[in-house]
Amino acid sequence: MPDEIVLKVENLSKFFPMKKSVFSRAKHFLHAVDNLNFQIEKGKVLSLVGESGCGKTTTGKTILKLYEPTGGKITFLGKDVTHLHETEDKKWFHSKTQMIFQDPFESLNPRKTIFDIVAEPMNIQNFGTLRKRELMVMDILKRVGISPPDAFLWRYPHELSGGQRQRVAIARALVMKPEFVVADEPTSMLDVSIRTQVMKLMMELIKEMNMSFLYITHDLAVARYMADEISVMYLGRMVEYANSEELINNPLHPYTKALISAVPVPDPEFKRKSVEIKGGIGKPIDPLPRCRFYDRCPFAMEICNQKEPELLDVGQNHKVACFLYKKDGGTIA
Amino acid sequence: MMLKYIGNRILQIAILLVIYVAIVFFLLHAMPGGIKTLLISNPKLTPQAQEAIIRAFGLNQPLWLQFVDYMKNVFTLNLGISFSYYPTPVWNIIAERLPRTVLLFTVATLIAFFVGFASGKSLAWNRGKTTEYVSTIVGIITYTIFTPLLIFVMIWFFGSFLGIFPLNQFLNPDLWIHTRLNAQVIFLYILLTMLIIGMVMLVSYLVALRFSHRVRTRRLIFYLSTIITVVFSVFFWWVSPVGIYAADILWHMVLPVMTVTIISYAGNMLVMRDSMLETIKEDFITTARAKGLPDKVVRDKHAARTAMLPVVTNFVLSLGFVVSGGVITESLFSWPGMGMTLLDSTLAKDYPLAAGALIFTGIFVLFAHLAIDIIYAFLDPRIRY
Amino acid sequence: MKAVLEIKNLKMYYDTQAGQVKAADDISFSLYEGESMGLVGESGCGKTSVSMSIMRLLPENARIISGNIFFGGKDIVKLSNEEMNKIRWAGISMIFQAAMNSLNPVYRVGDQIIEAITTHEPDVTFEEARQRVASLYKLVGLDPERMDNYPHEYSGGMKQRAVIAMSLACNPKLIIADEPTTALDVIVQDTILRELEKIQKKLNMSMIYISHDIAVIAEVASKIAIMYAGKIVEMSDSVTIFKRPAHPYTVGLMSSFPSIRGAKKELVTIPGEPPNLLNAPDHCRFAPRCPFATDECWKKEPSYEEIEDNHFVACFHPQNLKKQVRANAG
Amino acid sequence: MTNNPNTTVEMADAKLESPALIRMKLMWRSFKENWKIFSQSKIGMIGLYIVIIFAVAGFIVYPILAATVWKTTSLNAMASYNPVTGYDFVQNNPAPPSWAHLLGTDPLGRDILAQLLYSTPREFMLGIVAALITVIIGTLIGTVAAYFGGALDTFFMRVADIVLLFPFIPFLIVISGMMQVDLLTLALIIGLLSGFGGITIVLRSQALIVKSRPFIESAKISGASDSYIIVNHIIPNVMPLSFLYMMFNVTGAIFSEAVLSFFGLLNIKMSWGLMIYTADTAGYIIGSNIWNYWWLWLPAGASITLLCGAFYFIGRGLDEVVNPRLRKR
């Protein structure tokens, strides 16, 4: 089934209470993720793009149950997994989902061997016999390019290079053949020449294993290369969503435009338009009911200060949350 | 903000104190035989006195009632009557002896802090040289040396061999026998003088900070005012008729202060060394060097000042330990402070006095913690209460 | 044009227990007044070692084996530490990689800048120094009232601006910017890069940008040196580097970046990993990863030669020389 | 990545060594690596040598001497070698070192060397038992408090605050003065007191750092339970620090015992502190007199200092293994 929806997220929110001690009740909330909607089909890659602090990592972690969502609904393979109570459901969900982290130096336990690290998901899930686990570890290590695998099985992470560690982290995530993987900036800590290798490796594995990916990155160029669809986040809100080529070539939201024009171009003769927005990104603590980009937007209007824009489909599955645009492609300005 | 924080801390301290007193109380009552047995078996007390104490402190009541009474009494400073000094109330004994301990330890820990800070700083800065190994080993030895051993040698060396410091005790009876002066009063005046000098130093430091941006001018203001105050107070004591008695007390203090300093400087030194070693790897030290600042400025202003913070924390944690070491120091030097009182009363099974001494040693540590908390807030701008 | 900085055959090695690390090997380049140069390379390729050698801020186990660094007519390598202190910041200043860590947390930001001024210009009064910091703050786009805040009260971008203001405090002839924007978000990175470029032009300073990101360098530098495994493998003006890259490593680097402009194209990867500089081999250090490597490359190190006007390459098989100007992405 | 097809392993033929053997080899290898770092610390090695000398003296030399040369029978003159009850009638006691008594005798006619060696294993026992209790409590509470946070964390941290308030030795003095305390009880009291105090705070903050690292989240995403994470991830990463603190706690325990027995407050037969107490109460350690009777206090005092110092030295050496930032390069 090419159109099978693996993950569907409806009105997902995650607020963090800002409190000082155990005894005081929280008065303020950080709206890290606010009313998010998206879905990922089987074998597809959706990329969440945004600056640091925009809530993209929180979104990934909330979906994978590292945080309890404040509101909304998460459906995974047709099953409501917003709140998991039954042990069996938890086991099922955790064996089908995985995450790859940003920092390969921090995401592997320094006191465990490569074998223990890669086999851990199977150990936790009590999957197969020891012999079977060994074979699966060897197999996945070979597939991520750690070869010969038996030369690496009993090494510790600190004996590996950065690129090799990230390959091990990928192997660990993929060893149980998950349906859905969140990759949180998996290449941003790697060296340029290694980065490309790892990106290509992930692309191959996604195709080969027909997985769905939520690819979190701050780099639009990487998102364009890796993802089928891109969604831009700003202060906990999704501001634009489209097919990746469409989003890069025809950005609608002023923030997306700014993001794209801020990416440096490796061509000394090319002169970019300068970014028009001002100031830095804040923190969405108790945000007012208005467009979150209002303070920095060069096109801010009266209405932007009065209510929050909805995510509107302006045609060809291109959605944008901005009052400059009307449903099905019309523009106000 | 700061005042609110201090208020909060004092409230916390009150709660901690109640818990602390409760633990002391119940532990002592949980002793085999209990307080009453101790009381009755104490040969220094006449049966009448025993009766009086049992009645006054309700020792026949159930335990929890006794506790409520004790608690009430503690906060009105009524700690009972000492068995061994019957009928002197415990509070009177403590009120006499507490200032002696406070003075001894404040002076010694301050010296130890500055010596440890300065030597730790230079150890880290001169890493890998022979002096580093030697002073680290000497530091660890004085840190782990069995305190009585050190004191025996100190007494022998300075008291007998060189003969420059009095062997032990608080004052010289031969000198005091001809006067009707009260040693306690003179001692309190000494304490007051030191407090004034300390205040002047603090105020002049703050004033210097406020009025000048040049390091040299700041130093001038600070040192000048400190020296003037010290000279003035020495002069005052010199002309006053009781000066010689005060000098006698101070003379007796030198050896214990030296001992406590030797025991406790090394802890500060080692923590300062480690903290400094970590700090000099920080990027802002590289920045400071890149700015072309002279080595001394990088070391003192940037590295040492920042590395100091964990040393202050260690200072808090080591305070309890220093007071503990004080028991040995005080009893071996016969310095009649809280430590000696605690040991003597324990050996004499004088339960009310032992409990009182323990409680007040605890209070001393508590308030030292509070003081350090406040100092810490001044030292680290990242901490705002 | 006058050379502000001239490095000749600089060799800087680390002594470790495992052996000698050739962190910077035979580095030569000149930098002219008002010129901005980019030093590009992957982590551990020695680009920071070069900048630390220029500042003479080397760790204990690092030694400058040979070579000269001329700055203002003096050879920095031979100066005493006191003489060097006079050059630091007043002559050459630095913008460090991790701005969040390069400010001392216990002092006010303004005071840390004033400290640099009063150290090098003792006649400047405190009030004058404050005036100068205020104008520097305005120059880098910070509110001068923030001078009296502590570093932890600044955001990442503000700290970076403050660090830039600090680097300008003594009007240096040369500023070395070591990954000045790596930790920042794209939009902040963009504004800061533009400001740096503007200030550099306005004050006619020389700059060395150090970065692993060739796109960032392309925007700000007029001359680019590519470093690989402790050596400069290619150097030329930035247009030449991008249009006619000659070293296989540079070629690989160019095509391994995904681009946001133009059509989506397949990425080319450089196989393998950068070598360990410990006991470096005496053949071409890129040979194990090079698609064009021949026996010659495995036998000796290629010399660093000028293959066309102002285009230096250390390679036996330079690419793209006679070919048509390469159509670059964008 | 070089992908040489000749070196890839055929899955069916892949033969792994037995896991237990591999793990033993791994432990041996990491032990060797850590030993290499530790052995470069001169201070740590000095400490280790001293501890080994004391251990050999206490656990090997004393039993041999006691069973052979110092063998006591009721009519044997060698009975004076019993460290607790012996008496040498032949000479005036205390006697200076001689061939009969290598370190002399105490005022009660007992052989100093015998007392010294007899006490050594007991000091080890006390120090190690107390430190083990401390470290086990500290590690468990520290990791659990850090991992679960919230009210549990607050509770244990307040307990630690209170314990830290207690002036340690004065408190021990009062307890042992008021009730009969033997060596094992003392080890238990010291272990409990320091276990709930400072070490909990240190290990908790270390556990908090470990807890925030992504491999914990990685395990959670695979469905790991809280106990799995604490046992498999947090404790192994806190262990080196625990081990380090154990060394410092041995020092503290031996020191405390020495102080208490120096004041004669413990209900024990013999210890180094008690040896000095005996000499002190008999009036042999006064001012200028002290070098005349040096064998009464110097061997015991030096032993306390050396053993305390040695464990502390080892701790300092381990610090460089555990905390790479302190290493020279």
# chains A, B, ... in the order shown; residues from 1 in each chain; ligands from 1
>>> residues_around(residues="Ser303 in chain C", least_positions_apart="4", cutoff="10 Å", atoms="only C-alpha atoms", output="list in words")
Val233, Cys284, Phe312, Val313, Ala314, Cys315 and Phe316 of chain C
>>> interface_residues(of="chain D", to="chain B", cutoff="8 Å", atoms="only C-alpha atoms", output="VMD selection string")
chain D and resid 43 162 164 to 171 173 to 175 177 to 179 198 251 255 258 to 259 285 to 288 290 297 to 298 301 to 302 304 to 306 308 to 309 312 to 313 325 to 326
>>> write_last_selection(atoms="C-alpha atoms", output="PDB file, in the first residue's frame")
ATOM      1  CA  ILE D  43      50.904  10.047  44.410  1.00  0.00           C
ATOM      2  CA  ILE D 162      20.478  17.935  57.859  1.00  0.00           C
ATOM      3  CA  LEU D 164      25.697  17.663  56.743  1.00  0.00           C
ATOM      4  CA  LEU D 165      24.786  19.984  59.578  1.00  0.00           C
ATOM      5  CA  PHE D 166      25.829  17.471  62.187  1.00  0.00           C
ATOM      6  CA  PRO D 167      29.316  18.162  63.427  1.00  0.00           C
ATOM      7  CA  PHE D 168      30.562  14.696  62.587  1.00  0.00           C
ATOM      8  CA  ILE D 169      33.121  13.906  65.236  1.00  0.00           C
ATOM      9  CA  PRO D 170      31.417  15.719  68.146  1.00  0.00           C
ATOM     10  CA  PHE D 171      28.334  13.726  67.299  1.00  0.00           C
ATOM     11  CA  ILE D 173      31.893  11.445  70.558  1.00  0.00           C
ATOM     12  CA  VAL D 174      28.557  11.992  72.264  1.00  0.00           C
ATOM     13  CA  ILE D 175      27.082   8.749  70.906  1.00  0.00           C
ATOM     14  CA  GLY D 177      30.397   8.315  75.159  1.00  0.00           C
ATOM     15  CA  MET D 178      26.831   7.580  76.081  1.00  0.00           C
ATOM     16  CA  MET D 179      26.606   4.014  74.845  1.00  0.00           C
ATOM     17  CA  GLY D 198      27.678  14.771  51.206  1.00  0.00           C
ATOM     18  CA  THR D 251      40.305   7.716  55.170  1.00  0.00           C
ATOM     19  CA  PHE D 255      40.531   8.781  61.170  1.00  0.00           C
ATOM     20  CA  ALA D 258      41.434   6.775  65.799  1.00  0.00           C
ATOM     21  CA  VAL D 259      40.066   9.970  67.324  1.00  0.00           C
ATOM     22  CA  ILE D 285      53.241  12.354  76.357  1.00  0.00           C
ATOM     23  CA  ILE D 286      53.826  15.689  78.014  1.00  0.00           C
ATOM     24  CA  GLY D 287      55.729  18.584  76.496  1.00  0.00           C
ATOM     25  CA  SER D 288      59.478  18.091  76.501  1.00  0.00           C
ATOM     26  CA  ILE D 290      57.604  13.242  74.444  1.00  0.00           C
ATOM     27  CA  TRP D 297      53.019   7.154  70.298  1.00  0.00           C
ATOM     28  CA  LEU D 298      55.057   7.562  67.141  1.00  0.00           C
ATOM     29  CA  GLY D 301      50.400   7.800  65.174  1.00  0.00           C
ATOM     30  CA  ALA D 302      52.489   7.292  62.062  1.00  0.00           C
ATOM     31  CA  ILE D 304      47.188   6.130  61.396  1.00  0.00           C
ATOM     32  CA  THR D 305      48.586   9.001  59.360  1.00  0.00           C
ATOM     33  CA  LEU D 306      50.145   6.719  56.753  1.00  0.00           C
ATOM     34  CA  CYS D 308      44.718   7.493  56.118  1.00  0.00           C
ATOM     35  CA  GLY D 309      47.086   9.310  53.800  1.00  0.00           C
ATOM     36  CA  TYR D 312      43.643   9.517  50.248  1.00  0.00           C
ATOM     37  CA  PHE D 313      46.631   9.292  47.879  1.00  0.00           C
ATOM     38  CA  ARG D 325      39.992  17.161  32.866  1.00  0.00           C
ATOM     39  CA  LEU D 326      42.566  16.919  35.640  1.00  0.00           C
TER      40      LEU D 326
END
>>> interface_residues(of="chain B", to="chain C", cutoff="10 Å", atoms="only C-alpha atoms", output="PyMOL selection string")
chain B and resi 212-214+281-295+301-303+305-306+379-382
>>> write_last_selection(atoms="N, CA, C and O atoms", output="tab-separated table (two decimals), in the first residue's frame")
chain	number	residue	atom	x	y	z
B	212	SER	N	36.26	54.08	42.77
B	212	SER	CA	37.36	54.14	41.82
B	212	SER	C	37.35	52.94	40.90
B	212	SER	O	36.88	51.87	41.24
B	213	HIS	N	37.85	53.15	39.69
B	213	HIS	CA	37.96	52.06	38.72
B	213	HIS	C	39.39	51.62	38.56
B	213	HIS	O	39.67	50.67	37.86
B	214	ARG	N	40.31	52.35	39.18
B	214	ARG	CA	41.71	51.97	39.08
B	214	ARG	C	42.04	51.01	40.20
B	214	ARG	O	41.77	51.29	41.37
B	281	LYS	N	41.51	25.70	31.62
B	281	LYS	CA	41.24	25.12	30.30
B	281	LYS	C	40.05	25.78	29.62
B	281	LYS	O	39.72	25.47	28.48
B	282	GLU	N	39.36	26.66	30.33
B	282	GLU	CA	38.17	27.31	29.76
B	282	GLU	C	38.56	28.29	28.66
B	282	GLU	O	39.66	28.85	28.66
B	283	ASP	N	37.60	28.53	27.78
B	283	ASP	CA	37.87	29.41	26.65
B	283	ASP	C	38.12	30.85	27.10
B	283	ASP	O	38.90	31.56	26.47
B	284	PHE	N	37.46	31.28	28.17
B	284	PHE	CA	37.64	32.70	28.51
B	284	PHE	C	39.04	32.99	29.03
B	284	PHE	O	39.48	34.14	29.02
B	285	ILE	N	39.74	31.96	29.47
B	285	ILE	CA	41.14	32.16	29.85
B	285	ILE	C	41.98	32.38	28.59
B	285	ILE	O	42.85	33.26	28.54
B	286	THR	N	41.70	31.59	27.55
B	286	THR	CA	42.37	31.81	26.27
B	286	THR	C	42.08	33.22	25.77
B	286	THR	O	42.98	33.91	25.29
B	287	THR	N	40.82	33.64	25.90
B	287	THR	CA	40.47	35.00	25.49
B	287	THR	C	41.29	36.02	26.26
B	287	THR	O	41.85	36.96	25.68
B	288	ALA	N	41.37	35.82	27.57
B	288	ALA	CA	42.11	36.78	28.40
B	288	ALA	C	43.57	36.84	27.98
B	288	ALA	O	44.16	37.91	27.88
B	289	ARG	N	44.15	35.68	27.69
B	289	ARG	CA	45.53	35.68	27.20
B	289	ARG	C	45.63	36.38	25.85
B	289	ARG	O	46.56	37.14	25.61
B	290	ALA	N	44.66	36.08	24.98
B	290	ALA	CA	44.69	36.67	23.64
B	290	ALA	C	44.57	38.19	23.73
B	290	ALA	O	45.06	38.90	22.87
B	291	LYS	N	43.91	38.66	24.79
B	291	LYS	CA	43.77	40.11	24.94
B	291	LYS	C	45.10	40.77	25.31
B	291	LYS	O	45.17	41.98	25.44
B	292	GLY	N	46.11	39.96	25.54
B	292	GLY	CA	47.41	40.52	25.85
B	292	GLY	C	47.54	40.94	27.31
B	292	GLY	O	48.40	41.74	27.65
B	293	LEU	N	46.67	40.40	28.16
B	293	LEU	CA	46.79	40.75	29.57
B	293	LEU	C	48.04	40.09	30.14
B	293	LEU	O	48.40	38.99	29.74
B	294	PRO	N	48.72	40.77	31.07
B	294	PRO	CA	49.88	40.15	31.69
B	294	PRO	C	49.48	38.85	32.40
B	294	PRO	O	48.35	38.73	32.88
B	295	ASP	N	50.41	37.91	32.45
B	295	ASP	CA	50.16	36.61	33.06
B	295	ASP	C	49.52	36.70	34.44
B	295	ASP	O	48.62	35.94	34.77
B	301	LYS	N	42.99	37.63	38.17
B	301	LYS	CA	41.69	38.25	37.92
B	301	LYS	C	40.75	37.28	37.21
B	301	LYS	O	39.58	37.22	37.52
B	302	HIS	N	41.27	36.53	36.26
B	302	HIS	CA	40.36	35.68	35.49
B	302	HIS	C	40.29	34.26	36.02
B	302	HIS	O	39.22	33.76	36.31
B	303	ALA	N	41.46	33.61	36.16
B	303	ALA	CA	41.42	32.20	36.55
B	303	ALA	C	41.04	32.04	38.03
B	303	ALA	O	40.06	31.37	38.34
B	305	ARG	N	39.80	34.06	40.31
B	305	ARG	CA	38.52	34.62	40.75
B	305	ARG	C	37.36	33.69	40.37
B	305	ARG	O	36.42	33.51	41.13
B	306	THR	N	37.44	33.07	39.19
B	306	THR	CA	36.36	32.20	38.77
B	306	THR	C	36.49	30.82	39.41
B	306	THR	O	35.49	30.20	39.75
B	379	LEU	N	29.67	36.61	45.09
B	379	LEU	CA	30.79	36.18	44.26
B	379	LEU	C	30.35	35.74	42.87
B	379	LEU	O	31.09	35.91	41.91
B	380	ASP	N	29.19	35.13	42.78
B	380	ASP	CA	28.77	34.57	41.50
B	380	ASP	C	27.54	35.31	40.97
B	380	ASP	O	26.44	35.12	41.47
B	381	PRO	N	27.74	36.16	39.97
B	381	PRO	CA	26.61	36.95	39.47
B	381	PRO	C	25.52	36.09	38.84
B	381	PRO	O	24.40	36.55	38.65
B	382	ARG	N	25.84	34.83	38.51
B	382	ARG	CA	24.82	33.98	37.89
B	382	ARG	C	23.77	33.56	38.90
B	382	ARG	O	22.69	33.13	38.54
>>> select_by_dssp(residues="range 42-188 of chain D", states="helix (DSSP H, G or I)", output="mmCIF file with C-alpha atoms, in the first residue's frame")
data_model
loop_
_atom_site.group_PDB
_atom_site.id
_atom_site.type_symbol
_atom_site.label_atom_id
_atom_site.label_comp_id
_atom_site.auth_asym_id
_atom_site.auth_seq_id
_atom_site.Cartn_x
_atom_site.Cartn_y
_atom_site.Cartn_z
ATOM 1 C CA LYS D 42 53.048 9.151 41.423
ATOM 2 C CA ILE D 43 50.904 10.047 44.410
ATOM 3 C CA GLY D 44 48.436 7.269 43.648
ATOM 4 C CA MET D 45 51.219 4.705 43.348
ATOM 5 C CA ILE D 46 52.815 5.784 46.638
ATOM 6 C CA GLY D 47 49.413 5.338 48.273
ATOM 7 C CA LEU D 48 48.955 1.916 46.733
ATOM 8 C CA TYR D 49 52.368 0.732 47.903
ATOM 9 C CA ILE D 50 51.689 1.897 51.457
ATOM 10 C CA VAL D 51 48.314 0.143 51.518
ATOM 11 C CA ILE D 52 49.892 -3.052 50.175
ATOM 12 C CA ILE D 53 52.619 -2.926 52.832
ATOM 13 C CA PHE D 54 50.042 -2.506 55.583
ATOM 14 C CA ALA D 55 47.855 -5.255 54.158
ATOM 15 C CA VAL D 56 50.779 -7.673 53.979
ATOM 16 C CA ALA D 57 51.816 -6.748 57.517
ATOM 17 C CA GLY D 58 48.332 -7.136 58.938
ATOM 18 C CA PHE D 59 46.966 -10.084 57.014
ATOM 19 C CA ILE D 60 50.123 -12.165 56.444
ATOM 20 C CA VAL D 61 52.947 -11.158 58.769
ATOM 21 C CA TYR D 62 50.899 -10.946 61.944
ATOM 22 C CA PRO D 63 49.242 -14.394 61.718
ATOM 23 C CA ILE D 64 52.616 -15.963 60.910
ATOM 24 C CA LEU D 65 54.411 -14.261 63.779
ATOM 25 C CA ALA D 66 51.569 -14.952 66.163
ATOM 26 C CA ALA D 67 51.536 -18.624 65.255
ATOM 27 C CA ALA D 77 57.812 -15.933 78.359
ATOM 28 C CA MET D 78 56.618 -15.048 74.895
ATOM 29 C CA ALA D 79 53.165 -14.441 76.392
ATOM 30 C CA SER D 80 54.126 -10.768 76.499
ATOM 31 C CA TYR D 81 53.416 -10.707 72.774
ATOM 32 C CA ILE D 112 54.103 -2.378 70.627
ATOM 33 C CA LEU D 113 54.790 -4.199 67.338
ATOM 34 C CA ALA D 114 52.301 -6.916 68.241
ATOM 35 C CA GLN D 115 49.670 -4.300 69.039
ATOM 36 C CA LEU D 116 50.393 -2.456 65.826
ATOM 37 C CA LEU D 117 50.106 -5.548 63.635
ATOM 38 C CA TYR D 118 47.094 -6.901 65.514
ATOM 39 C CA SER D 119 45.189 -3.664 64.872
ATOM 40 C CA THR D 120 45.999 -3.414 61.170
ATOM 41 C CA PRO D 121 43.379 -5.844 59.762
ATOM 42 C CA ARG D 122 40.784 -4.308 62.054
ATOM 43 C CA GLU D 123 41.501 -0.831 60.724
ATOM 44 C CA PHE D 124 41.117 -2.160 57.185
ATOM 45 C CA MET D 125 37.883 -3.888 58.092
ATOM 46 C CA LEU D 126 36.448 -0.782 59.712
ATOM 47 C CA GLY D 127 37.469 1.513 56.884
ATOM 48 C CA ILE D 128 36.250 -0.723 54.112
ATOM 49 C CA VAL D 129 32.957 -1.724 55.742
ATOM 50 C CA ALA D 130 32.131 1.903 56.563
ATOM 51 C CA ALA D 131 33.099 3.080 53.090
ATOM 52 C CA LEU D 132 31.121 0.276 51.410
ATOM 53 C CA ILE D 133 27.983 1.135 53.353
ATOM 54 C CA THR D 134 28.465 4.810 52.533
ATOM 55 C CA VAL D 135 29.008 4.225 48.850
ATOM 56 C CA ILE D 136 26.158 1.751 48.431
ATOM 57 C CA ILE D 137 23.701 4.080 50.164
ATOM 58 C CA GLY D 138 25.068 7.147 48.392
ATOM 59 C CA THR D 139 24.974 5.549 44.945
ATOM 60 C CA LEU D 140 21.479 4.125 45.355
ATOM 61 C CA ILE D 141 19.920 7.250 46.814
ATOM 62 C CA GLY D 142 21.857 9.582 44.560
ATOM 63 C CA THR D 143 20.834 7.825 41.354
ATOM 64 C CA VAL D 144 17.239 7.182 42.391
ATOM 65 C CA ALA D 145 16.758 10.771 43.586
ATOM 66 C CA ALA D 146 18.295 12.162 40.421
ATOM 67 C CA TYR D 147 16.375 9.860 38.115
ATOM 68 C CA PHE D 148 12.916 10.296 39.573
ATOM 69 C CA GLY D 150 10.329 15.572 42.347
ATOM 70 C CA ALA D 151 9.329 15.053 45.966
ATOM 71 C CA LEU D 152 11.589 12.015 46.431
ATOM 72 C CA ASP D 153 14.570 14.055 45.329
ATOM 73 C CA THR D 154 13.643 16.998 47.540
ATOM 74 C CA PHE D 155 13.194 14.702 50.533
ATOM 75 C CA PHE D 156 16.590 13.028 50.225
ATOM 76 C CA MET D 157 18.341 16.303 49.547
ATOM 77 C CA ARG D 158 16.858 17.845 52.699
ATOM 78 C CA VAL D 159 17.927 14.767 54.652
ATOM 79 C CA ALA D 160 21.422 15.263 53.260
ATOM 80 C CA ASP D 161 21.353 18.914 54.305
ATOM 81 C CA ILE D 162 20.478 17.935 57.859
ATOM 82 C CA VAL D 163 23.120 15.205 58.010
ATOM 83 C CA LEU D 164 25.697 17.663 56.743
ATOM 84 C CA LEU D 165 24.786 19.984 59.578
ATOM 85 C CA PHE D 168 30.562 14.696 62.587
ATOM 86 C CA ILE D 169 33.121 13.906 65.236
ATOM 87 C CA PRO D 170 31.417 15.719 68.146
ATOM 88 C CA PHE D 171 28.334 13.726 67.299
ATOM 89 C CA LEU D 172 30.252 10.446 67.280
ATOM 90 C CA ILE D 173 31.893 11.445 70.558
ATOM 91 C CA VAL D 174 28.557 11.992 72.264
ATOM 92 C CA ILE D 175 27.082 8.749 70.906
ATOM 93 C CA SER D 176 30.053 6.602 71.797
ATOM 94 C CA GLY D 177 30.397 8.315 75.159
ATOM 95 C CA MET D 178 26.831 7.580 76.081
ATOM 96 C CA LEU D 183 34.116 -1.567 65.872
ATOM 97 C CA LEU D 184 31.310 -2.959 63.721
ATOM 98 C CA THR D 185 28.708 -0.637 65.216
ATOM 99 C CA LEU D 186 31.046 2.258 64.619
ATOM 100 C CA ALA D 187 31.511 1.233 60.988
ATOM 101 C CA LEU D 188 27.735 1.079 60.637
#
>>> closest_atom_pairs(of="chain C", to="chain D", cutoff="8 Å", atoms="only C-alpha atoms", output="tab-separated table")
residue	atom	partner	partner_atom	distance
C:Thr16	CA	D:Arg329	CA	7.9
C:Pro271	CA	D:Met1	CA	5.6
C:Gly272	CA	D:Met1	CA	4.6
C:Glu273	CA	D:Met1	CA	7.4
>>> residues_around(residues="Ile372 in chain B", least_positions_apart="5", cutoff="10 Å", atoms="only C-alpha atoms", output="PyMOL selection string")
chain B and resi 312-313+315-316+367+377-378
>>> interface_residues(of="chain A", to="chain C", cutoff="10 Å", atoms="only C-alpha atoms", output="compact mmCIF listing (two decimals) with C-alpha atoms, in the first residue's frame")
# COMPACT_ATOMS: atom_id res chain seq x y z
CA GLY A 50 13.28 25.78 12.16
CA GLU A 51 15.69 27.71 14.32
CA SER A 52 16.80 26.39 17.68
CA SER A 161 35.57 8.10 14.85
CA GLY A 162 32.63 10.49 14.78
CA GLY A 163 31.32 9.14 11.51
CA GLN A 164 31.55 5.56 12.68
CA LEU A 190 29.74 15.59 11.62
CA ASP A 191 32.50 16.80 9.38
CA VAL A 192 31.59 17.94 5.91
CA SER A 193 32.96 14.96 4.03
CA ILE A 194 31.47 12.50 6.53
CA ARG A 195 28.13 14.30 6.58
CA THR A 196 27.46 13.53 2.95
CA GLN A 197 28.33 9.87 3.43
CA VAL A 198 25.90 9.55 6.33
CA MET A 199 23.13 11.40 4.49
CA LYS A 200 23.47 9.13 1.48
CA HIS A 218 17.84 23.57 10.96
CA ASP A 219 19.41 23.38 7.52
CA LEU A 220 16.97 23.84 4.65
CA ALA A 221 19.45 22.49 2.11
CA VAL A 222 19.76 19.24 4.05
CA ALA A 223 15.99 19.07 4.42
CA ARG A 224 15.58 19.54 0.70
CA TYR A 225 18.00 16.74 -0.02
CA MET A 226 16.59 14.30 2.51
CA GLU A 245 10.82 21.29 -4.03
CA ILE A 248 12.23 25.70 -1.58
CA ASN A 249 11.30 27.20 -4.93
CA TYR A 255 9.61 33.60 7.78
CA ALA A 258 13.80 34.88 5.34
CA LEU A 259 15.14 31.46 6.23
CA ILE A 260 15.83 30.60 2.62
CA SER A 261 17.46 33.91 1.85
CA ALA A 262 19.70 33.59 4.92
CA VAL A 263 21.31 30.36 3.73
CA PRO A 264 24.81 31.21 2.49
CA VAL A 265 25.49 30.23 -1.11
CA PRO A 266 28.76 28.56 -2.07
CA ASP A 267 29.38 30.93 -4.95
CA PRO A 268 31.40 34.09 -4.41
CA GLU A 269 29.81 35.82 -7.38
CA PHE A 270 26.25 35.30 -6.26
CA LYS A 271 24.82 38.19 -4.26
CA ARG A 272 21.89 37.27 -2.07
CA SER A 274 19.60 40.49 2.53
CA VAL A 275 17.24 39.21 5.17
CA GLU A 276 14.57 41.71 6.03
CA ILE A 277 13.48 40.48 9.42
CA LYS A 278 14.98 41.92 12.56
CA GLY A 279 15.79 40.78 16.06
CA GLY A 280 16.27 37.36 17.50
CA ILE A 281 13.99 34.49 18.32
CA GLY A 282 12.34 34.65 21.75
>>> closest_residue(among="A:Arg111, A:Lys56, A:Arg292, A:Arg143", to="chain D", atoms="only C-alpha atoms")
A:Arg111
>>> residues_around(residues="Lys78 in chain C", least_positions_apart="3", cutoff="12 Å", atoms="only C-alpha atoms", output="JSON, numbers by chain")
{"C": [53, 54, 56, 64, 65, 66, 67, 68, 69, 70, 71, 74, 75, 81, 82, 83, 84]}
